[in-house]
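Raw contents of structure28.txt, compact mmCIF, C-alpha atoms:
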# COMPACT_ATOMS: atom_id res chain seq x y z
CA MET G 258 115.02 81.98 89.22
CA ILE G 259 111.62 80.49 89.99
CA GLY G 260 111.33 76.74 89.69
CA ARG G 261 108.28 74.54 89.79
CA LEU G 262 104.90 75.66 91.05
CA ASN G 263 104.84 73.94 94.42
CA HIS G 264 101.19 74.75 95.08
CA VAL G 265 98.25 77.04 94.47
CA GLY G 266 96.87 78.48 97.69
CA ILE G 267 93.06 78.56 97.92
CA ALA G 268 91.37 80.38 100.78
CA THR G 269 88.20 78.72 101.98
CA PRO G 270 85.81 79.40 104.84
CA SER G 271 85.60 75.61 105.35
CA ILE G 272 88.26 73.06 104.47
CA GLU G 273 85.66 70.33 104.92
CA ASP G 274 83.39 71.93 102.32
CA SER G 275 86.29 72.42 99.92
CA VAL G 276 87.43 68.83 100.33
CA ARG G 277 83.96 67.77 99.29
CA VAL G 278 84.36 69.83 96.10
CA TYR G 279 87.76 68.37 95.21
CA ARG G 280 86.99 64.81 96.30
CA ASP G 281 83.32 64.32 95.48
CA MET G 282 82.84 66.71 92.56
CA LEU G 283 86.25 66.84 90.87
CA GLY G 284 87.34 63.32 91.81
CA ALA G 285 90.68 64.09 93.44
CA THR G 286 91.90 61.00 95.28
CA ALA G 287 95.04 62.12 97.15
CA ILE G 288 93.89 64.43 99.91
CA GLY G 289 95.90 64.89 103.08
CA GLU G 290 94.71 65.36 106.64
CA PRO G 291 94.10 68.98 107.65
CA PHE G 292 96.55 70.43 110.16
CA ASP G 293 97.03 73.72 112.00
CA LEU G 294 99.80 76.22 111.37
CA PRO G 295 99.06 78.51 114.33
CA GLU G 296 102.05 80.80 113.78
CA GLN G 297 100.61 81.64 110.36
CA GLY G 298 97.01 81.75 111.53
CA VAL G 299 95.82 79.08 109.11
CA ARG G 300 94.50 75.56 109.02
CA VAL G 301 95.90 73.74 105.98
CA CYS G 302 94.96 70.77 103.81
CA PHE G 303 96.84 69.64 100.70
CA VAL G 304 95.10 68.14 97.68
CA ASP G 305 97.56 66.42 95.34
CA VAL G 306 97.15 66.48 91.59
CA PRO G 307 99.72 64.69 89.42
CA ASN G 308 102.04 67.65 88.91
CA THR G 309 101.43 70.01 91.83
CA GLN G 310 99.28 70.60 94.90
CA ILE G 311 96.28 72.64 95.90
CA GLU G 312 96.75 74.11 99.38
CA LEU G 313 93.40 74.74 101.04
CA ILE G 314 93.76 77.32 103.80
CA GLU G 315 91.15 78.28 106.37
CA PRO G 316 91.49 81.10 108.91
CA LEU G 317 92.71 79.94 112.32
CA GLY G 318 92.22 82.27 115.28
CA GLU G 319 91.08 85.84 115.62
CA THR G 320 94.30 87.35 114.29
CA SER G 321 94.61 85.27 111.13
CA THR G 322 95.97 87.29 108.23
CA LEU G 323 93.26 85.64 106.14
CA HIS G 324 90.48 87.73 107.72
CA GLY G 325 91.30 90.67 105.46
CA PHE G 326 91.01 88.42 102.41
CA PHE G 327 87.60 87.18 103.55
CA GLU G 328 86.33 90.70 104.09
CA LYS G 329 86.77 91.20 100.36
CA ASN G 330 85.97 87.61 99.34
CA PRO G 331 83.53 86.10 101.82
CA ARG G 332 83.26 82.85 99.87
CA GLY G 333 87.03 82.46 99.53
CA GLY G 334 88.98 82.07 96.31
CA GLN G 335 92.46 81.94 94.85
CA HIS G 336 94.87 83.36 97.42
CA HIS G 337 98.52 82.84 96.38
CA LEU G 338 100.94 80.98 94.13
CA CYS G 339 103.98 79.25 95.60
CA PHE G 340 107.09 78.74 93.49
CA GLU G 341 110.14 76.78 94.55
CA VAL G 342 113.59 78.36 94.67
CA PRO G 343 116.91 76.60 95.35
CA ASP G 344 117.99 78.94 98.19
CA ILE G 345 115.55 81.18 100.03
CA LEU G 346 118.11 83.76 101.19
CA VAL G 347 119.65 84.12 97.74
CA ALA G 348 116.15 84.48 96.29
CA ARG G 349 115.17 87.04 98.92
CA ASP G 350 118.21 89.22 98.28
CA GLU G 351 117.74 88.98 94.52
CA MET G 352 114.08 89.97 94.77
CA ILE G 353 114.84 92.93 97.04
CA ALA G 354 117.59 94.06 94.64
CA LYS G 355 114.99 94.00 91.84
CA GLY G 356 112.56 96.16 93.78
CA ALA G 357 110.26 93.55 95.29
CA ARG G 358 109.08 93.84 98.87
CA ILE G 359 109.07 90.99 101.36
CA LEU G 360 106.07 90.76 103.68
CA GLY G 361 106.71 90.81 107.41
CA SER G 362 110.17 91.09 108.90
CA GLY G 363 111.94 89.82 105.79
CA ALA G 364 113.21 86.77 107.65
CA PRO G 365 112.03 83.48 106.15
CA ARG G 366 109.65 81.38 108.19
CA ILE G 367 109.15 77.63 108.15
CA GLY G 368 106.20 76.80 105.90
CA ALA G 369 103.73 73.97 105.59
CA HIS G 370 106.32 71.72 103.92
CA GLY G 371 108.94 72.30 106.61
CA THR G 372 111.25 74.43 104.48
CA PRO G 373 111.81 78.20 104.65
CA ILE G 374 109.31 80.43 102.88
CA LEU G 375 108.57 84.09 102.36
CA PHE G 376 105.85 86.12 100.71
CA LEU G 377 106.30 88.93 98.18
CA HIS G 378 104.04 91.97 98.26
CA PRO G 379 101.42 91.79 95.48
CA ARG G 380 102.00 95.38 94.37
CA GLU G 381 105.21 94.55 92.51
CA MET G 382 103.95 91.10 91.43
CA GLY G 383 101.09 92.00 89.11
CA ALA G 384 98.57 92.03 91.96
CA LEU G 385 99.38 88.44 92.94
CA LEU G 386 100.49 87.24 96.33
CA ILE G 387 103.59 85.14 95.55
CA GLU G 388 105.15 82.73 98.00
CA LEU G 389 108.72 81.56 97.50
CA MET G 390 109.63 78.23 99.11
CA GLU G 391 113.04 76.64 99.35
CA THR G 392 112.75 73.35 97.48
CA PRO G 393 112.23 70.48 99.91
CA LYS G 394 115.49 68.51 99.88
CA GLU G 395 113.97 65.07 99.44
CA ALA G 396 111.15 65.98 97.11
CA HIS G 397 110.74 65.23 93.44
CA MET B 259 88.66 62.58 87.53
CA ILE B 260 90.87 65.67 87.34
CA GLY B 261 94.40 65.14 86.11
CA ARG B 262 97.32 67.53 86.08
CA LEU B 263 97.02 71.27 86.56
CA ASN B 264 97.50 72.44 82.98
CA HIS B 265 97.75 76.11 83.92
CA VAL B 266 96.85 78.87 86.33
CA GLY B 267 94.98 81.70 84.63
CA ILE B 268 96.07 85.20 85.69
CA ALA B 269 94.08 88.23 84.54
CA THR B 270 96.21 91.27 83.84
CA PRO B 271 95.47 94.72 82.44
CA SER B 272 98.74 94.45 80.49
CA ILE B 273 100.44 91.27 79.33
CA GLU B 274 103.58 93.29 78.65
CA ASP B 275 103.71 94.52 82.25
CA SER B 276 103.10 91.01 83.58
CA VAL B 277 105.78 89.54 81.34
CA ARG B 278 108.19 92.00 82.91
CA VAL B 279 107.25 90.68 86.34
CA TYR B 280 107.73 87.02 85.42
CA ARG B 281 110.81 87.54 83.25
CA ASP B 282 112.69 90.39 84.91
CA MET B 283 111.64 90.01 88.53
CA LEU B 284 110.95 86.29 88.95
CA GLY B 285 113.43 85.10 86.33
CA ALA B 286 111.14 82.91 84.20
CA THR B 287 112.94 82.06 80.95
CA ALA B 288 110.33 80.25 78.83
CA ILE B 289 107.76 82.83 77.83
CA GLY B 290 105.69 82.45 74.66
CA GLU B 291 104.53 85.08 72.21
CA PRO B 292 101.17 86.67 73.07
CA PHE B 293 98.28 85.79 70.76
CA ASP B 294 94.61 86.72 70.41
CA LEU B 295 91.69 84.42 71.13
CA PRO B 296 88.94 86.70 69.80
CA GLU B 297 86.10 84.20 70.29
CA GLN B 298 86.93 84.20 74.00
CA GLY B 299 87.61 87.92 74.19
CA VAL B 300 91.14 87.53 75.50
CA ARG B 301 94.74 88.03 74.53
CA VAL B 302 96.88 85.21 75.90
CA CYS B 303 100.52 84.62 76.81
CA PHE B 304 101.91 81.44 78.39
CA VAL B 305 104.77 81.46 80.88
CA ASP B 306 106.25 78.00 81.37
CA VAL B 307 107.52 76.82 84.71
CA PRO B 308 108.98 73.30 85.00
CA ASN B 309 105.76 71.52 85.94
CA THR B 310 102.93 73.71 84.62
CA GLN B 311 102.11 77.02 82.93
CA ILE B 312 100.94 80.47 83.92
CA GLU B 313 98.37 81.75 81.41
CA LEU B 314 98.36 85.54 81.32
CA ILE B 315 95.07 86.84 79.95
CA GLU B 316 94.25 90.41 78.99
CA PRO B 317 90.81 91.66 77.90
CA LEU B 318 90.37 91.78 74.12
CA GLY B 319 87.51 93.85 72.73
CA GLU B 320 84.59 95.64 74.32
CA THR B 321 82.62 92.49 75.05
CA SER B 322 85.38 90.53 76.78
CA THR B 323 84.07 88.46 79.63
CA LEU B 324 87.07 89.71 81.59
CA HIS B 325 85.62 93.20 82.01
CA GLY B 326 83.45 92.03 84.89
CA PHE B 327 86.51 90.63 86.63
CA PHE B 328 88.35 93.93 86.23
CA GLU B 329 85.46 95.91 87.66
CA LYS B 330 86.06 94.03 90.89
CA ASN B 331 89.84 93.69 90.51
CA PRO B 332 91.19 96.66 88.55
CA ARG B 333 94.79 95.50 88.93
CA GLY B 334 94.02 91.93 87.86
CA GLY B 335 94.77 88.78 89.81
CA GLN B 336 94.23 85.05 89.89
CA HIS B 337 91.36 84.21 87.55
CA HIS B 338 90.98 80.45 87.06
CA LEU B 339 92.56 77.01 87.42
CA CYS B 340 92.66 74.63 84.47
CA PHE B 341 92.77 70.88 85.07
CA GLU B 342 93.20 68.25 82.38
CA VAL B 343 90.63 65.50 81.84
CA PRO B 344 90.92 62.53 79.49
CA ASP B 345 87.59 63.15 77.70
CA ILE B 346 85.79 66.48 77.86
CA LEU B 347 82.28 65.13 77.14
CA VAL B 348 82.57 62.39 79.73
CA ALA B 349 83.83 64.97 82.22
CA ARG B 350 81.03 67.40 81.38
CA ASP B 351 78.31 64.80 81.86
CA GLU B 352 79.87 63.59 85.10
CA MET B 353 80.10 67.14 86.46
CA ILE B 354 76.48 67.91 85.53
CA ALA B 355 75.35 64.67 87.18
CA LYS B 356 77.14 65.79 90.35
CA GLY B 357 75.38 69.15 90.39
CA ALA B 358 77.98 71.39 88.73
CA ARG B 359 76.97 73.99 86.18
CA ILE B 360 78.71 74.54 82.88
CA LEU B 361 79.15 78.16 81.77
CA GLY B 362 77.72 79.17 78.40
CA SER B 363 75.88 76.73 76.16
CA GLY B 364 77.42 73.64 77.72
CA ALA B 365 79.12 72.77 74.43
CA PRO B 366 82.93 72.59 74.73
CA ARG B 367 84.93 75.21 72.84
CA ILE B 368 88.44 74.98 71.50
CA GLY B 369 90.84 76.53 73.99
CA ALA B 370 94.27 78.11 73.85
CA HIS B 371 95.97 74.71 73.49
CA GLY B 372 93.74 73.59 70.61
CA THR B 373 91.79 71.03 72.60
CA PRO B 374 88.18 71.25 73.86
CA ILE B 375 87.58 73.11 77.10
CA LEU B 376 84.70 74.20 79.29
CA PHE B 377 84.31 76.29 82.41
CA LEU B 378 82.47 75.33 85.60
CA HIS B 379 80.46 77.89 87.53
CA PRO B 380 82.35 79.03 90.65
CA ARG B 381 79.31 78.67 92.90
CA GLU B 382 79.61 74.90 93.12
CA MET B 383 83.42 74.97 92.99
CA GLY B 384 84.31 76.69 96.25
CA ALA B 385 84.17 80.14 94.64
CA LEU B 386 86.80 79.20 92.03
CA LEU B 387 86.42 79.43 88.30
CA ILE B 388 87.54 75.98 87.10
CA GLU B 389 88.42 75.19 83.50
CA LEU B 390 88.46 71.59 82.32
CA MET B 391 90.63 70.87 79.27
CA GLU B 392 90.86 67.66 77.32
CA THR B 393 94.49 66.55 77.62
CA PRO B 394 96.44 67.52 74.52
CA LYS B 395 97.14 64.24 72.70
CA GLU B 396 100.83 64.79 72.12
CA ALA B 397 101.66 66.52 75.37
CA HIS B 398 103.66 65.25 78.31
Target format structure tokens, applied to this file:
Amino acid sequence: MIGRLNHVGIATPSIEDSVRVYRDMLGATAIGEPFDLPEQGVRVCFVDVPNTQIELIEPLGETSTLHGFFEKNPRGGQHHLCFEVPDILVARDEMIAKGARILGSGAPRIGAHGTPILFLHPREMGALLIELMETPKEAH
Amino acid sequence: MIGRLNHVGIATPSIEDSVRVYRDMLGATAIGEPFDLPEQGVRVCFVDVPNTQIELIEPLGETSTLHGFFEKNPRGGQHHLCFEVPDILVARDEMIAKGARILGSGAPRIGAHGTPILFLHPREMGALLIELMETPKEAH
């Protein structure tokens, strides 16, 4: 079912500091402009590498779901993996049938790439937060 | 400097349990045979997705460097990101010049793909454990 790894989500207390790591230390050259996703309580910045993306996410607002992560990991760290699927509703129903749990209402939301996404509860996923994203139609 | 994301390293208390997640729940179809890397204190299994790999790692032996990770994360979780570089010694010297620290002796070791690797200390890397791997010569 899962297709390509769309991105690795990295939680950071400061996108600016993390951009310095990827740009100045690791030499990444394709770094987007940060933007807000208020409905998800995050500020986002994508760092492109040749075959995938790093998604830097910073808490946005007092109710950001990231605050719980930072209580355990004050310096940030790896937060989630996002895999592409051809059809988000088919994927959702298949995952539920296999015993996975969808975070939130179960209805897909529009993610940072403008296509529907959902998150699977880490408990059934080997302690990993997994995001499923419907493959962007014009990508790749 | 960094090239493609060669793999995402996932620490798991049981490769068999994690394989069930990726194969039976997420539908991954290209899953290698697990093998031991005793000099690194890990048992390893690669799960291929179209554009990269998931490296499942399980502690091997009493002195595995993974035990510290499991003290903090008993159920496992995201452990490291591995980026390819054209030349591991050039990359090492460039990273040191920029203020990064190399774990261990600083001498590259041979990694799970048979090419030289090294790990960068998370403190300078935005709290992420970063592996650099010399690009396999016949890959891609």
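If you look at CA of Leu263 (chain B) and CA of Val278 (chain G), they are 15.9 Å away from each other.
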Write out as a ChimeraX atom specification the residues lying within 8 Å of region 330-342 of chain G, counting all atoms listed in the file and excluding same-chain residues fewer than 6 positions away. /G:258-270,348,385-392 /B:336-337,384-386
Atom pair CA of Gly325 (chain G) / CA of Phe376 (chain G): separation (Å): 16.0 Å
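Taking CA of Glu381 (chain G) and CA of Met283 (chain B) as the two end points, the separation is 8.8 Å.
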Residue among G:Leu317, G:Ala357, G:Ala369, G:Ala285 lying closest to Asp305 (chain G), counting only C-alpha atoms: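 When distances to Asp305 (chain G) are compared using only C-alpha atoms, the smallest one comes from G:Ala285.
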Can you tell me which residues surround Thr372 (chain G) at a distance of at most 10 Å, considering all atoms listed in the file, apart from same-chain residues fewer than 4 positions away, and format the answer as a count of residues only? 10
With all atoms listed in the file as the atoms that count, which of G:His370, G:His324, G:Arg277, G:Arg300 lies nearest to chain B?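 Once distances to chain B are computed over all atoms listed in the file, the minimum belongs to G:Arg277.
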Contacts of region 289-293 of chain G at 10 Å (only C-alpha atoms; same-chain gap of 3+ positions) as an MDAnalysis selection string: chainID G and resid 272:273 276 286 296:305 312:317 369
Save out the residues we just selected, C-alpha atoms, as a JSON list (two decimals), in the coordinates of the input.
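Saved file again.json follows:
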[["chain", "number", "residue", "atom", "x", "y", "z"],
["G", 272, "ILE", "CA", 88.26, 73.06, 104.47],
["G", 273, "GLU", "CA", 85.66, 70.33, 104.92],
["G", 276, "VAL", "CA", 87.43, 68.83, 100.33],
["G", 286, "THR", "CA", 91.90, 61.00, 95.28],
["G", 296, "GLU", "CA", 102.05, 80.80, 113.78],
["G", 297, "GLN", "CA", 100.61, 81.64, 110.36],
["G", 298, "GLY", "CA", 97.01, 81.75, 111.53],
["G", 299, "VAL", "CA", 95.82, 79.08, 109.11],
["G", 300, "ARG", "CA", 94.50, 75.56, 109.02],
["G", 301, "VAL", "CA", 95.90, 73.74, 105.98],
["G", 302, "CYS", "CA", 94.96, 70.77, 103.81],
["G", 303, "PHE", "CA", 96.84, 69.64, 100.70],
["G", 304, "VAL", "CA", 95.10, 68.14, 97.68],
["G", 305, "ASP", "CA", 97.56, 66.42, 95.34],
["G", 312, "GLU", "CA", 96.75, 74.11, 99.38],
["G", 313, "LEU", "CA", 93.40, 74.74, 101.04],
["G", 314, "ILE", "CA", 93.76, 77.32, 103.80],
["G", 315, "GLU", "CA", 91.15, 78.28, 106.37],
["G", 316, "PRO", "CA", 91.49, 81.10, 108.91],
["G", 317, "LEU", "CA", 92.71, 79.94, 112.32],
["G", 369, "ALA", "CA", 103.73, 73.97, 105.59]]
For a quick check of your reading of the model, name the residues lying within 9 Å of the coordinate (103.1, 65.0, 90.2), counting only C-alpha atoms, and write them as a PyMOL selection string. (chain G and resi 305-310+397) or (chain B and resi 262+309)
May I have the residues from that selection written out with C-alpha atoms, as a PDB file, in the frame of the given file?
ATOM      1  CA  ASP G 305      97.560  66.420  95.340  1.00  0.00           C
ATOM      2  CA  VAL G 306      97.150  66.480  91.590  1.00  0.00           C
ATOM      3  CA  PRO G 307      99.720  64.690  89.420  1.00  0.00           C
ATOM      4  CA  ASN G 308     102.040  67.650  88.910  1.00  0.00           C
ATOM      5  CA  THR G 309     101.430  70.010  91.830  1.00  0.00           C
ATOM      6  CA  GLN G 310      99.280  70.600  94.900  1.00  0.00           C
ATOM      7  CA  HIS G 397     110.740  65.230  93.440  1.00  0.00           C
TER       8      HIS G 397
ATOM      9  CA  ARG B 262      97.320  67.530  86.080  1.00  0.00           C
ATOM     10  CA  ASN B 309     105.760  71.520  85.940  1.00  0.00           C
TER      11      ASN B 309
END
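Considering the residues B:Gly372, B:Gly362, B:Gly319, B:Gly357 and counting all atoms listed in the file, chain G has its shortest atom-to-atom contact with B:Gly357.
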Point out the residue among B:Met383, B:Val348, B:Ala365, B:Ile312 with the least atom-to-atom distance to chain G, counting all atoms listed in the file.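 Nearest to chain G: B:Met383.
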Surrounding residues of Lys355 (chain G) excluding itself and chain neighbours under 2 positions, 10 Å, all atoms listed in the file, as a list of chain:residue names: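 The contact residues come out as G:Arg349, G:Asp350, G:Glu351, G:Met352, G:Ile353, G:Ala357, G:Arg358, G:Glu381, B:Asp282, B:Met283, B:Leu284.
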Would you save the residues of that selection, restricted to C-alpha atoms, as an mmCIF file, in the frame of the given file?
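Result written to result11.cif:
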data_model
loop_
_atom_site.group_PDB
_atom_site.id
_atom_site.type_symbol
_atom_site.label_atom_id
_atom_site.label_comp_id
_atom_site.auth_asym_id
_atom_site.auth_seq_id
_atom_site.Cartn_x
_atom_site.Cartn_y
_atom_site.Cartn_z
ATOM 1 C CA ARG G 349 115.170 87.040 98.920
ATOM 2 C CA ASP G 350 118.210 89.220 98.280
ATOM 3 C CA GLU G 351 117.740 88.980 94.520
ATOM 4 C CA MET G 352 114.080 89.970 94.770
ATOM 5 C CA ILE G 353 114.840 92.930 97.040
ATOM 6 C CA ALA G 357 110.260 93.550 95.290
ATOM 7 C CA ARG G 358 109.080 93.840 98.870
ATOM 8 C CA GLU G 381 105.210 94.550 92.510
ATOM 9 C CA ASP B 282 112.690 90.390 84.910
ATOM 10 C CA MET B 283 111.640 90.010 88.530
ATOM 11 C CA LEU B 284 110.950 86.290 88.950
#
Check the smallest atom-to-atom distance from each of G:Pro295, G:Ile374, G:Ala354, G:Pro343 to Thr320 (chain G) using only C-alpha atoms, then report the winner.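 Result for the nearest residue to Thr320 (chain G): G:Pro295.
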